[in-house]
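This is work.txt. It holds compact mmCIF, C-alpha atoms.
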```txt
# COMPACT_ATOMS: atom_id res chain seq x y z
CA ASN A 1 48.68 112.42 96.30
CA LEU A 2 51.22 110.31 98.22
CA LEU A 3 49.97 107.02 96.76
CA THR A 4 51.32 105.65 93.49
CA TYR A 5 49.22 103.81 90.88
CA SER A 6 46.14 105.44 92.36
CA ASP A 7 43.69 103.65 90.05
CA GLN A 8 45.78 100.60 89.10
CA PHE A 9 45.22 98.28 92.04
CA ASP A 10 46.64 95.30 90.15
CA ASN A 11 50.05 97.00 90.27
CA ALA A 12 52.64 95.54 92.62
CA ALA A 13 52.56 98.78 94.65
CA TRP A 14 49.29 97.35 95.99
CA THR A 15 49.22 93.63 95.28
CA SER A 16 52.70 92.85 96.60
CA ALA A 17 51.27 93.44 100.08
CA ALA A 18 47.82 91.95 99.44
CA VAL A 19 46.40 89.47 101.95
CA GLY A 20 43.43 87.25 101.06
CA ALA A 21 42.59 89.46 98.09
CA SER A 22 43.11 89.72 94.35
CA VAL A 23 42.34 92.37 91.74
CA THR A 24 40.65 92.25 88.35
CA SER A 25 41.69 95.34 86.41
CA ASN A 26 39.37 97.54 84.35
CA ALA A 27 36.33 95.58 85.49
CA ALA A 28 33.84 98.47 85.55
CA VAL A 29 33.18 102.03 84.42
CA ALA A 30 34.83 104.48 86.84
CA PRO A 31 33.32 107.73 88.13
CA ASP A 32 35.12 109.64 85.35
CA GLY A 33 33.35 107.56 82.67
CA THR A 34 36.35 105.44 81.67
CA GLN A 35 36.66 101.65 81.88
CA THR A 36 39.37 101.88 84.53
CA ALA A 37 37.72 100.79 87.78
CA ASP A 38 39.13 97.61 89.32
CA LYS A 39 37.41 94.85 91.26
CA LEU A 40 38.77 93.94 94.69
CA ILE A 41 38.01 90.23 95.13
CA ILE A 42 38.14 88.21 98.33
CA THR A 43 39.95 84.96 97.62
CA SER A 44 38.32 81.62 98.33
CA GLY A 45 38.08 80.76 101.99
CA SER A 46 39.75 83.96 103.16
CA THR A 47 38.60 85.62 106.38
CA THR A 48 41.05 88.56 106.43
CA ASN A 49 41.55 90.45 103.19
CA TYR A 50 43.12 93.71 102.14
CA LEU A 51 45.22 95.65 99.68
CA ARG A 52 47.99 97.72 101.20
CA GLN A 53 50.42 100.38 100.08
CA VAL A 54 53.45 101.62 102.02
CA MET A 55 54.54 105.26 101.83
CA THR A 56 56.81 107.74 103.58
CA ILE A 57 54.93 110.06 105.92
CA SER A 58 55.56 113.01 108.20
CA ALA A 59 54.17 113.97 111.60
CA VAL A 60 51.15 115.85 110.21
CA THR A 61 47.42 115.28 109.75
CA TYR A 62 46.47 113.12 106.76
CA THR A 63 43.30 112.31 104.82
CA ALA A 64 42.80 109.05 102.93
CA SER A 65 40.06 108.78 100.32
CA MET A 66 38.90 106.57 97.48
CA TYR A 67 35.92 105.80 95.26
CA ALA A 68 34.08 102.54 95.89
CA LYS A 69 30.99 100.76 94.57
CA ALA A 70 29.15 97.71 95.89
CA GLY A 71 29.54 94.43 94.03
CA GLU A 72 28.59 91.12 95.58
CA PHE A 73 29.85 92.63 98.85
CA ASN A 74 28.73 96.07 100.05
CA THR A 75 31.31 97.35 102.53
CA VAL A 76 34.70 99.02 102.23
CA ARG A 77 37.03 99.87 105.08
CA LEU A 78 39.85 102.41 104.80
CA GLU A 79 42.60 102.17 107.36
CA LEU A 80 45.84 103.98 108.18
CA GLY A 81 48.27 101.95 110.23
CA ASN A 82 51.79 101.20 111.38
CA LEU A 83 53.08 104.70 112.20
CA TRP A 84 49.53 105.78 112.99
CA SER A 85 49.04 104.67 116.57
CA PRO A 86 46.31 104.07 117.49
CA VAL A 87 45.10 102.81 114.12
CA VAL A 88 42.82 105.09 112.10
CA ASN A 89 39.91 103.56 110.15
CA GLY A 90 36.42 104.10 108.78
CA VAL A 91 33.88 101.55 107.52
CA PHE A 92 31.40 102.52 104.77
CA ASN A 93 28.22 100.77 103.57
CA LEU A 94 28.11 101.08 99.78
CA SER A 95 24.45 100.03 99.58
CA THR A 96 23.05 102.62 101.99
CA GLY A 97 25.71 105.33 101.65
CA ALA A 98 26.25 105.36 105.42
CA VAL A 99 29.31 105.36 107.67
CA THR A 100 29.11 102.13 109.67
CA SER A 101 31.89 102.86 112.15
CA SER A 102 35.05 104.90 112.63
CA GLN A 103 38.05 105.04 114.92
CA ASN A 104 40.30 108.05 115.56
CA CYS A 105 39.16 109.96 112.49
CA THR A 106 36.43 112.05 110.94
CA THR A 107 34.63 110.37 108.05
CA SER A 108 32.62 111.30 104.99
CA ILE A 109 30.86 109.38 102.23
CA THR A 110 29.65 111.26 99.17
CA PRO A 111 27.54 109.79 96.31
CA VAL A 112 28.97 110.62 92.88
CA GLY A 113 26.53 108.73 90.65
CA ASN A 114 26.03 105.25 89.17
CA GLY A 115 26.34 103.61 92.58
CA TRP A 116 29.77 105.10 93.30
CA TYR A 117 30.72 106.80 96.56
CA ARG A 118 33.78 108.77 97.55
CA CYS A 119 34.77 107.58 101.02
CA ALA A 120 37.24 109.53 103.16
CA ILE A 121 38.84 109.36 106.58
CA ALA A 122 40.67 112.33 108.08
CA SER A 123 43.05 111.33 110.84
CA THR A 124 42.76 112.87 114.27
CA VAL A 125 45.98 111.03 115.17
CA ILE A 126 49.32 112.62 114.26
CA PRO A 127 51.53 109.76 113.04
CA THR A 128 55.15 109.20 113.92
CA ALA A 129 57.35 110.41 111.08
CA GLY A 130 59.15 107.56 109.33
CA SER A 131 59.28 105.43 106.23
CA THR A 132 56.54 102.81 106.66
CA GLY A 133 53.13 104.41 106.97
CA ARG A 134 50.49 102.13 105.47
CA MET A 135 47.10 102.56 103.86
CA PHE A 136 44.80 99.52 103.77
CA ILE A 137 41.65 98.80 101.73
CA PHE A 138 39.38 96.01 103.01
CA ALA A 139 36.24 94.57 101.39
CA GLY A 140 33.38 93.05 103.37
CA ASN A 141 29.65 92.86 103.90
CA ASN A 142 27.17 94.66 106.16
CA GLY A 143 29.92 96.40 108.07
CA ASP A 144 31.92 93.22 108.68
CA VAL A 145 35.24 93.22 106.84
CA SER A 146 36.25 89.72 107.96
CA VAL A 147 34.32 87.43 105.60
CA SER A 148 34.78 84.25 103.60
CA GLY A 149 35.29 84.73 99.88
CA ASN A 150 34.70 82.56 96.85
CA GLY A 151 37.37 83.88 94.49
CA PHE A 152 35.08 86.07 92.37
CA SER A 153 32.87 88.18 94.67
CA GLY A 154 34.03 91.63 95.73
CA ILE A 155 33.61 95.39 95.42
CA TYR A 156 34.70 97.96 92.82
CA ILE A 157 37.38 100.53 93.62
CA TRP A 158 39.01 103.52 91.92
CA GLY A 159 40.92 106.71 92.65
CA ALA A 160 42.77 106.17 95.94
CA GLN A 161 44.41 109.20 97.52
CA LEU A 162 46.46 109.99 100.62
CA GLU A 163 47.26 113.64 101.23
CA ALA A 164 48.43 115.92 103.99
CA GLY A 165 45.52 117.91 105.40
CA ALA A 166 42.31 117.55 107.36
CA PHE A 167 39.93 116.89 104.45
CA ALA A 168 39.90 115.35 100.97
CA THR A 169 40.62 117.58 97.99
CA SER A 170 39.82 116.81 94.36
CA TYR A 171 41.27 113.56 93.05
CA ILE A 172 44.91 113.63 91.86
CA PRO A 173 45.71 110.64 89.58
CA THR A 174 49.15 109.06 89.87
CA THR A 175 51.18 106.32 88.19
CA SER A 176 54.76 105.50 89.17
CA ALA A 177 55.34 108.66 91.25
CA GLN A 178 53.54 110.88 93.73
CA VAL A 179 51.88 113.93 92.16
CA THR A 180 51.40 117.46 93.44
CA ARG A 181 48.55 119.20 91.67
CA SER A 182 48.80 122.87 90.81
CA ALA A 183 46.11 125.16 92.22
CA ASP A 184 42.85 124.85 90.30
CA ALA A 185 41.76 127.73 88.09
CA ALA A 186 38.48 127.91 86.19
CA SER A 187 36.42 130.45 84.28
CA MET A 188 32.93 130.83 82.83
CA THR A 189 32.56 132.95 79.70
CA GLY A 190 30.24 133.63 76.76
CA THR A 191 26.60 132.66 77.05
CA ASN A 192 27.51 130.34 79.94
CA PHE A 193 28.06 133.57 81.85
CA SER A 194 25.66 136.04 80.23
CA SER A 195 22.68 133.66 80.50
CA TRP A 196 22.51 134.16 84.27
CA TYR A 197 24.39 137.37 85.07
CA ARG A 198 22.37 140.48 85.93
CA ALA A 199 24.19 143.73 85.13
CA ASP A 200 22.40 146.17 87.45
CA GLU A 201 22.56 144.29 90.79
CA GLY A 202 23.54 140.97 92.36
CA THR A 203 25.19 139.05 95.19
CA LEU A 204 28.29 136.82 95.05
CA TYR A 205 28.79 134.18 97.77
CA GLU A 206 31.56 131.73 98.64
CA THR A 207 32.22 129.14 101.33
CA ALA A 208 35.79 127.85 101.51
CA ARG A 209 38.52 126.67 103.83
CA TYR A 210 41.34 129.21 103.89
CA ASN A 211 44.72 127.72 104.70
CA GLY A 212 46.30 130.90 106.02
CA VAL A 213 48.74 131.27 103.11
CA SER A 214 48.68 134.24 100.76
CA THR A 215 51.28 135.28 98.21
CA GLY A 216 50.05 138.83 97.80
CA TYR A 217 47.08 140.83 96.69
CA GLY A 218 44.87 138.62 94.58
CA TYR A 219 41.32 137.95 93.39
CA PRO A 220 40.42 134.33 94.02
CA THR A 221 36.77 134.73 92.96
CA LEU A 222 36.12 137.41 90.39
CA ILE A 223 33.49 138.70 87.98
CA SER A 224 35.45 140.73 85.45
CA ASP A 225 35.92 141.96 81.90
CA GLY A 226 38.83 139.58 81.34
CA ASN A 227 41.46 142.33 81.21
CA GLY A 228 43.00 142.36 84.65
CA VAL A 229 40.96 144.00 87.39
CA ASN A 230 40.09 147.36 85.86
CA ASN A 231 36.45 146.28 85.70
CA ALA A 232 35.66 143.71 88.35
CA ILE A 233 33.47 142.57 91.22
CA ALA A 234 35.68 140.53 93.52
CA LEU A 235 35.88 138.43 96.63
CA THR A 236 39.53 139.19 97.22
CA SER A 237 42.42 138.29 99.46
CA ASN A 238 45.14 140.63 100.65
CA SER A 239 47.87 138.88 102.65
CA GLY A 240 45.34 136.85 104.60
CA PHE A 241 42.62 139.48 105.01
CA SER A 242 39.04 139.25 103.84
CA ASP A 243 38.47 142.05 101.33
CA PHE A 244 35.67 142.84 98.93
CA GLY A 245 36.20 145.04 95.92
CA VAL A 246 34.26 146.64 93.09
CA ARG A 247 36.20 148.49 90.37
CA ALA A 248 34.92 150.26 87.26
CA ASN A 249 37.09 151.96 84.64
CA ALA A 250 40.21 151.27 86.74
CA THR A 251 38.76 153.15 89.73
CA ASP A 252 37.71 151.67 93.07
CA GLN A 253 33.96 151.96 93.60
CA ALA A 254 33.75 149.94 96.83
CA ASP A 255 36.52 148.55 99.03
CA MET A 256 35.55 146.76 102.24
CA SER A 257 37.29 144.46 104.71
CA SER A 258 36.04 142.25 107.52
CA GLY A 259 38.98 140.52 109.15
CA THR A 260 41.58 137.81 108.79
CA LEU A 261 40.81 134.65 106.87
CA VAL A 262 41.86 131.35 108.46
CA GLY A 263 39.91 128.09 108.50
CA ASN A 264 36.30 127.75 107.36
CA VAL A 265 35.02 131.00 105.86
CA SER A 266 31.70 132.07 104.38
CA LYS A 267 31.67 135.46 102.67
CA ALA A 268 29.29 137.40 100.47
CA LEU A 269 29.28 140.66 98.53
CA ALA A 270 26.05 142.40 97.48
CA TYR A 271 26.14 145.23 94.94
CA LYS A 272 23.98 147.80 93.24
CA VAL A 273 24.71 151.35 92.07
CA ASN A 274 25.46 153.44 95.19
CA ASP A 275 24.59 150.45 97.40
CA PHE A 276 27.29 147.93 98.32
CA ALA A 277 27.53 145.57 101.30
CA ALA A 278 29.76 142.69 102.40
CA CYS A 279 29.82 140.18 105.24
CA THR A 280 32.06 137.36 106.50
CA ASN A 281 30.93 134.56 108.84
CA ALA A 282 27.74 136.42 109.88
CA GLY A 283 29.79 139.29 111.28
CA THR A 284 29.24 143.03 111.00
CA VAL A 285 28.00 144.05 107.54
CA GLN A 286 30.36 146.50 105.85
CA THR A 287 28.69 149.04 103.54
CA ASP A 288 29.58 151.60 100.91
CA SER A 289 26.94 153.98 99.55
CA SER A 290 28.74 155.48 96.57
CA GLY A 291 29.84 153.89 93.29
CA ILE A 292 28.92 152.61 89.86
CA LEU A 293 29.07 149.07 88.47
CA PRO A 294 31.57 147.76 85.92
CA VAL A 295 30.77 146.20 82.56
CA VAL A 296 31.88 142.55 82.87
CA ASN A 297 31.74 139.34 80.82
CA GLN A 298 33.11 136.40 82.85
CA LEU A 299 33.36 134.61 86.18
CA VAL A 300 36.83 133.46 87.29
CA PHE A 301 38.07 131.26 90.15
CA SER A 302 41.79 131.32 90.83
CA GLY A 303 44.07 129.77 93.42
CA SER A 304 47.19 131.60 92.31
CA PHE A 305 47.18 134.18 95.11
CA VAL A 306 45.56 132.47 98.07
CA SER A 307 45.56 128.90 99.36
CA ARG A 308 41.98 127.76 99.87
CA ASN A 309 39.62 124.91 99.09
CA ILE A 310 36.22 125.99 97.76
CA LYS A 311 33.15 124.20 99.07
CA LYS A 312 30.41 126.29 97.46
CA ILE A 313 29.95 129.25 95.13
CA ALA A 314 26.57 130.91 94.64
CA TYR A 315 25.26 133.92 92.74
CA TYR A 316 21.97 135.71 93.38
CA PRO A 317 20.53 138.02 90.69
CA ALA A 318 19.57 140.59 93.33
CA ARG A 319 21.19 142.84 95.89
CA VAL A 320 20.09 140.86 98.95
CA THR A 321 19.42 142.67 102.21
CA ASN A 322 22.08 143.15 104.87
CA ALA A 323 20.23 140.74 107.13
CA GLN A 324 20.23 138.17 104.35
CA LEU A 325 23.99 138.63 103.94
CA GLN A 326 24.47 137.72 107.58
CA ALA A 327 22.13 134.74 107.27
CA LEU A 328 23.90 133.49 104.13
CA THR A 329 27.30 133.57 105.82
CA SER A 330 26.24 132.14 109.18
```

Produce structure tokens that represent the structure in this file.
Amino acid sequence: NLLTYSDQFDNAAWTSAAVGASVTSNAAVAPDGTQTADKLIITSGSTTNYLRQVMTISAVTYTASMYAKAGEFNTVRLELGNLWSPVVNGVFNLSTGAVTSSQNCTTSITPVGNGWYRCAIASTVIPTAGSTGRMFIFAGNNGDVSVSGNGFSGIYIWGAQLEAGAFATSYIPTTSAQVTRSADAASMTGTNFSSWYRADEGTLYETARYNGVSTGYGYPTLISDGNGVNNAIALTSNSGFSDFGVRANATDQADMSSGTLVGNVSKALAYKVNDFAACTNAGTVQTDSSGILPVVNQLVFSGSFVSRNIKKIAYYPARVTNAQLQALTS
């Protein structure tokens, strides 16, 4: 996250460049359940209002995002300017959850509960590298961000982020310095796993954006026994290739591949004793008709071996048909 003080909009990193706006700190409950959301207020009589932060940027694609909630006004506008030419912006209605307008970007607005939305703009303009890229936050009403204020009406804001890349990743909080988040890793164990896992057959599915970077042979999504990969059912990655593996008692039972992974990828692995199949992006279904299943006790997601952003994970307690594998990954 290239922005500092990402949820402290009363900090001078934001307010020193404010025009026609003020901030009341900790005015509402934020999406994470803490009393840390701020209120962006349009000052009395103002027609142009915004908060702004200046940051150093490179000549790459960027995505700006933040959480916003309607107050007395119902519109937020995110804008990237100065070294972005033409200007990049998106306008979001916080009452209807709709994108009102956009310029030179792709936009998204996602409800996250309690009236909050995560709004994002992904630039289709490559900025000029330099030292004064700027991100603006405007408040307004009904899609119009040039309005008269009264000194107390506004919108609620939290969790601003600017990052290199073509889409918003999970929120990275910052204070006085930019923060680079380590790759996410998560696991599901105990009854959280055993309550839904079926031992004799199943299907594991993932949709993700693969960034074309791999540091070796790894298992980004894995059902395993927790002791390495001696007993595992895996959606794997091997130096950028799409592999599917089933191992039992440290012996490969099924090993299938269906091409290089770059960009948006949907992949699925179906398994049953002596009946394995895998498919990527609705392509040719790879099969293996010989092998047993491992004894496993957990589900693991790891980013340590392959750079990707997961959109969806699904598990089906059945060995779906080959045609269903293609339909799932289409």

| query | Could you pull the residues within 12 Å of Val19 of chain A, counting all atoms listed in the file, minus those fewer than 3 positions along the same chain, as a list of chain:residue names? | reply | A:Trp14, A:Thr15, A:Ser16, A:Ser22, A:Val23, A:Leu40, A:Ile41, A:Ile42, A:Thr43, A:Ser44, A:Ser46, A:Thr47, A:Thr48, A:Asn49, A:Tyr50, A:Leu51, A:Arg52, A:Gln53, A:Phe136, A:Ile137, A:Phe138, A:Ala139, A:Ser146

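Shortest separation to Asn297 of chain A among A:Asn93, A:Asn309, A:Thr221, A:Ser187 occurs at residue A:Ser187, atoms counted being all atoms listed in the file.
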
Write out as a tab-separated table a residue-level contact list of segment 136-218 of chain A versus segment 100-109 of chain A with cut-off 10 Å: for each qualifying residue the closest pair of atoms and the distance in Å to one decimal, counting all atoms listed in the file, rows sorted by chain and residue number upward.
```
residue	atom	partner	partner_atom	distance
A:Asn142	CA	A:Thr100	CA	8.5
A:Gly143	CA	A:Thr100	CA	6.0
A:Asp144	CA	A:Thr100	CA	9.4
A:Ala166	CA	A:Thr106	CA	8.8
A:Phe167	CA	A:Thr106	CA	8.8
A:Ala168	CA	A:Ser108	CA	9.2
```

| Hey, what's within 7 Å of Asn274 of chain A if we count all atoms listed in the file and toss same-chain stuff fewer than 4 positions away? As number ranges by chain, please? | A: 289-292

| query | Do you know which residues are at most 10 Å from Ala160 of chain A counting all atoms listed in the file, after dropping those on the same chain fewer than 3 positions away, and could you put them as a PyMOL selection string? | reply | chain A and resi 1-9+64-68+118-120+135+137+157+171-174

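Each of A:Asp200, A:Asp288, A:Ser123, A:Asn230 was checked against Asp255 of chain A using all atoms listed in the file; the smallest atom-to-atom distance is that of A:Asp288.
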
| remark: From atom CA of Tyr210 of chain A to atom CA of Tyr271 of chain A the spacing works out at 23.8 Å

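Among the candidate residues A:Leu162, A:Ala248, A:Val87, A:Val320, the one lying nearest to Asp275 of chain A is A:Val320, with distances computed using all atoms listed in the file.
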
| request: Identify, on the basis of all atoms listed in the file, every residue whose closest approach to Thr251 of chain A does not exceed 12 Å; exclude the query and any residue fewer than 6 positions from it along the same chain; express the result as a PyMOL selection string. | output: chain A and resi 229-233+245+291-294

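Reported to one decimal place, the separation of atom CA of Arg247 of chain A from atom CA of Gln298 of chain A is 14.6 Å.
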
| note | Separating atom CA of Asn114 of chain A from atom CA of Val147 of chain A, to the nearest tenth of an Å, is a gap of 25.6 Å

| message | as number ranges by chain, please: the residues near Tyr156 of chain A (cut-off 7 Å, only C-alpha atoms, same-chain neighbours under 6 positions excluded). | response | A: 37-40, 68-71

| message | Calculated over all atoms listed in the file, which of the candidates A:Phe92, A:Tyr205, A:Tyr62, A:Tyr197 has the smallest distance to Thr329 of chain A? | response | A:Tyr205

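Using only C-alpha atoms, the smallest distance between any of A:Gly115, A:Pro317, A:Pro127, A:Gly149 and Asn82 of chain A comes from A:Pro127.
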
| query | For Ser194 of chain A, which of A:Asp225, A:Asp32, A:Asp252, A:Glu79 is the closest residue, counting all atoms listed in the file? | reply | A:Asp225
